[in-house]
Amino acid sequence: MRQGRADEYAEFAAVRAGHLYRSACLLTAGDTHLAEDLVQETLGRLYVSWRRVSRVENPAGYAQTVLLRTFLAHQRRRSSTERATDALPDLPDDGPDGRDMPLRLTLLEALARLPAKDRAVVVLRYWEDRSVEETAQAMNASSAAVRTRCVRALGRLRELLGEDLGEYARP
């Protein structure tokens with residue numbers, strides 16, 4: 001790769017890595033180690049095809065799609081359900097960073113209980129704020145399938161979290 005393209009890729013990766021990581025954390029329902037692996041694999045795939053990727057209309061959207069497809073491919077592997085431990089670390093005090101911890105853990109636990117494709121739809125539609133059509137294109141599915149998955153996933157989240165989420169909101 002020429003130096004100019006390499007610099008362009010390095011700048012893109014530096015700017016987008018944080019957003020990719022946050023999306024990966026949601027997709028993996030809080031598994032930060034797997035999220036880091038997914039982001040690394042996504043950035044590696046983008047590097048290999050950067051000449052083509054840099055010419056697309058929306059490289060950031062393309063990167064999100066690569067991340068999603070990397071996540072779904074990982075979920076299809078048998079070893080993807082292996083976990084080192086199921087115990088959570090001690091929770092921090094209610095300091096400035098720990099204020100929202102119970103809410104985050106509750107939401108991540110609820111996301112973890114959704115099937116991978118339903119979780120992906122929720123993250124793309126409501127975290128990434130993508131349209132139904134954009135989500136369908138990213139997932140290689142029809143718009144009707146995305147709408148159905150959205151209804152099913154949100155219904156399941158309501159079952160898990162309860163209809164009134166007010167107890168989790170800040171006072």
# chains A, B, ... in the order shown; residues from 1 in each chain; ligands from 1
>>> closest_atom_pairs(of="region 21-89 of chain A", to="region 128-152 of chain A", cutoff="10 Å", atoms="only C-alpha atoms", output="tab-separated table")
residue	atom	partner	partner_atom	distance
A:Ser23	CA	A:Glu128	CA	7.9
A:Gly61	CA	A:Ala138	CA	9.0
A:Tyr62	CA	A:Ala138	CA	8.6
A:Gln64	CA	A:Ala138	CA	8.4
A:Thr65	CA	A:Ala138	CA	5.3
A:Val66	CA	A:Ala138	CA	8.4
A:Leu67	CA	A:Ala138	CA	9.9
A:Leu68	CA	A:Ala138	CA	7.6
A:Arg69	CA	A:Met139	CA	7.3
A:Leu72	CA	A:Met139	CA	9.1
>>> closest_residue(among="A:Arg55, A:Asp37, A:Arg76, A:Leu26", to="Val122 (chain A)", atoms="only C-alpha atoms")
A:Leu26
